[in-house]
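Colleague: This is the structure I have questions about; it appears just below.
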2 protein chains.
Amino acid sequence: MKVRILVSLKNSVLDPQGQAVKNALLTLGYDSVKDVRQGKVFELELEGISHDDAERIIPEISDKVLANPIIEKFSWQILEKD
Amino acid sequence: MKVRILVSLKNSVLDPQGQAVKNALLTLGYDSVKDVRQGKVFELELEGISHDDAERIIPEISDKVLANPIIEKFSWQILEKD
């Protein structure tokens, strides 16, 4: 089973990396760029696990290991079932 | 218009960050984790731009600024039209 987990800063948290990218794009003349937020993406390959168990452990993994729940939020989707 | 761009290492490139996350998860007892790949996600807010122009500049921005095309690949999707 292939799972994609997106981790990004909460909207209320400043994102200096995203701001740096935005400034770089504006300097290059991409004037249509109004905002940039940067985050992390994790693609996990899981084996020997039921769909129900996956739905239980993915948020657990995200909350405990991949994201810092104080300042970050996460979302996830199953890309491939097997 | 809101656009999400995913940047990740090409499959042929070693991913030490992903390996570190995998090892952390195995140590915590998540034995079903067979592989982890880590990448970056960018969410761009674009304004005053047509759909066609967006389809032209998004790959350009990704290739020139967000990703290093030697070792990274990218994919993108439009999340919200306006």
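Residue names in the structure tokens use chain letters A, B, ... in the order shown, residue numbers from 1 in each chain, and ligand numbers from 1 in the order shown.
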I need the contact residues of chain A against chain B, so if you could list those with any atom within 6 Å, counting only C-alpha atoms, and return them as a ChimeraX atom specification, that would help.
Modeller: /A:32-47
Colleague: Looking only at helix (DSSP H, G or I) from DSSP on the backbone, list the matching residues of range 5-80 of chain B as a list in words.
Modeller: Pro16, Gln17, Gly18, Gln19, Ala20, Val21, Lys22, Asn23, Ala24, Leu25, Leu26, Thr27, His51, Asp52, Asp53, Ala54, Glu55, Arg56, Ile57, Ile58, Pro59, Glu60, Ile61, Ser62, Asp63, Lys64, Val65 and Leu66 of chain B
Colleague: Produce a file of the selected residues containing N, CA, C and O atoms, as a compact mmCIF listing (two decimals), in the first residue's frame.
Modeller:
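Okay, this is what ended up in result-v2.txt:
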# COMPACT_ATOMS: atom_id res chain seq x y z
N PRO B 16 18.50 9.92 2.14
CA PRO B 16 18.88 9.69 3.54
C PRO B 16 17.82 10.17 4.53
O PRO B 16 17.64 9.56 5.59
N GLN B 17 17.12 11.26 4.21
CA GLN B 17 16.06 11.74 5.12
C GLN B 17 14.95 10.70 5.24
O GLN B 17 14.49 10.38 6.34
N GLY B 18 14.54 10.17 4.08
CA GLY B 18 13.51 9.14 4.08
C GLY B 18 13.96 7.91 4.86
O GLY B 18 13.18 7.33 5.63
N GLN B 19 15.21 7.52 4.68
CA GLN B 19 15.75 6.37 5.40
C GLN B 19 15.74 6.60 6.91
O GLN B 19 15.43 5.69 7.68
N ALA B 20 16.09 7.81 7.32
CA ALA B 20 16.10 8.14 8.74
C ALA B 20 14.69 8.04 9.33
O ALA B 20 14.50 7.51 10.43
N VAL B 21 13.71 8.52 8.57
CA VAL B 21 12.31 8.43 9.04
C VAL B 21 11.90 6.96 9.11
O VAL B 21 11.27 6.53 10.09
N LYS B 22 12.26 6.18 8.08
CA LYS B 22 11.92 4.75 8.08
C LYS B 22 12.51 4.07 9.31
O LYS B 22 11.81 3.33 10.02
N ASN B 23 13.78 4.33 9.59
CA ASN B 23 14.43 3.70 10.75
C ASN B 23 13.76 4.11 12.06
O ASN B 23 13.58 3.29 12.96
N ALA B 24 13.37 5.38 12.15
CA ALA B 24 12.68 5.85 13.35
C ALA B 24 11.36 5.10 13.53
O ALA B 24 11.02 4.68 14.64
N LEU B 25 10.63 4.92 12.42
CA LEU B 25 9.34 4.24 12.51
C LEU B 25 9.51 2.77 12.88
O LEU B 25 8.74 2.22 13.68
N LEU B 26 10.54 2.12 12.31
CA LEU B 26 10.79 0.71 12.64
C LEU B 26 11.16 0.58 14.12
O LEU B 26 10.70 -0.33 14.81
N THR B 27 11.98 1.50 14.60
CA THR B 27 12.36 1.49 16.01
C THR B 27 11.14 1.61 16.92
O THR B 27 11.09 1.02 18.00
N HIS B 51 -5.73 30.27 -17.05
CA HIS B 51 -5.42 28.86 -16.88
C HIS B 51 -4.27 28.43 -17.80
O HIS B 51 -3.36 27.72 -17.38
N ASP B 52 -4.30 28.91 -19.05
CA ASP B 52 -3.25 28.54 -20.01
C ASP B 52 -1.88 29.06 -19.56
O ASP B 52 -0.88 28.35 -19.65
N ASP B 53 -1.87 30.31 -19.10
CA ASP B 53 -0.60 30.87 -18.62
C ASP B 53 -0.09 30.10 -17.40
O ASP B 53 1.11 29.85 -17.26
N ALA B 54 -1.03 29.72 -16.52
CA ALA B 54 -0.64 28.96 -15.33
C ALA B 54 -0.01 27.63 -15.76
O ALA B 54 1.03 27.23 -15.22
N GLU B 55 -0.62 26.97 -16.74
CA GLU B 55 -0.09 25.69 -17.21
C GLU B 55 1.30 25.84 -17.85
O GLU B 55 2.04 24.87 -17.95
N ARG B 56 1.60 27.04 -18.30
CA ARG B 56 2.92 27.30 -18.89
C ARG B 56 3.95 27.62 -17.81
O ARG B 56 5.06 27.09 -17.83
N ILE B 57 3.56 28.50 -16.85
CA ILE B 57 4.60 28.94 -15.90
C ILE B 57 4.83 27.97 -14.74
O ILE B 57 5.91 27.96 -14.17
N ILE B 58 3.84 27.15 -14.40
CA ILE B 58 4.04 26.25 -13.25
C ILE B 58 5.20 25.26 -13.51
O ILE B 58 6.10 25.14 -12.67
N PRO B 59 5.23 24.59 -14.67
CA PRO B 59 6.38 23.71 -14.90
C PRO B 59 7.70 24.50 -14.99
O PRO B 59 8.75 24.01 -14.57
N GLU B 60 7.61 25.73 -15.50
CA GLU B 60 8.81 26.57 -15.64
C GLU B 60 9.37 26.92 -14.25
O GLU B 60 10.57 26.77 -13.97
N ILE B 61 8.47 27.39 -13.36
CA ILE B 61 8.85 27.70 -11.98
C ILE B 61 9.43 26.47 -11.29
O ILE B 61 10.44 26.53 -10.59
N SER B 62 8.76 25.32 -11.48
CA SER B 62 9.19 24.09 -10.83
C SER B 62 10.60 23.72 -11.28
O SER B 62 11.46 23.36 -10.46
N ASP B 63 10.81 23.81 -12.57
CA ASP B 63 12.08 23.37 -13.14
C ASP B 63 13.22 24.34 -12.81
O ASP B 63 14.35 23.93 -12.59
N LYS B 64 12.90 25.64 -12.76
CA LYS B 64 13.96 26.64 -12.58
C LYS B 64 14.25 26.95 -11.12
O LYS B 64 15.37 27.29 -10.76
N VAL B 65 13.20 26.90 -10.28
CA VAL B 65 13.35 27.40 -8.91
C VAL B 65 13.12 26.33 -7.84
O VAL B 65 13.92 26.17 -6.92
N LEU B 66 12.03 25.58 -7.98
CA LEU B 66 11.62 24.71 -6.87
C LEU B 66 12.37 23.38 -6.84
O LEU B 66 12.63 22.85 -5.76
Colleague: Just list the residues in chain A DSSP gives strand (DSSP E) on the backbone, as a PyMOL selection string.
Modeller: chain A and resi 2-9+33-46+72-80
Colleague: Quick check, in Å to one decimal: how far apart do CA of Ile78 in chain B and CA of Leu14 in chain B lie?
Modeller: 29.1 Å
Colleague: I'd like the contact shell of Glu72 in chain A - 7 Å cut-off, only C-alpha atoms, skipping same-chain residues fewer than 2 positions apart - returned as a count of residues only.
Modeller: 9
Colleague: Provide the CA of Asp82 in chain B to CA of Gly29 in chain A distance in Å, to one decimal place.
Modeller: 21.6 Å
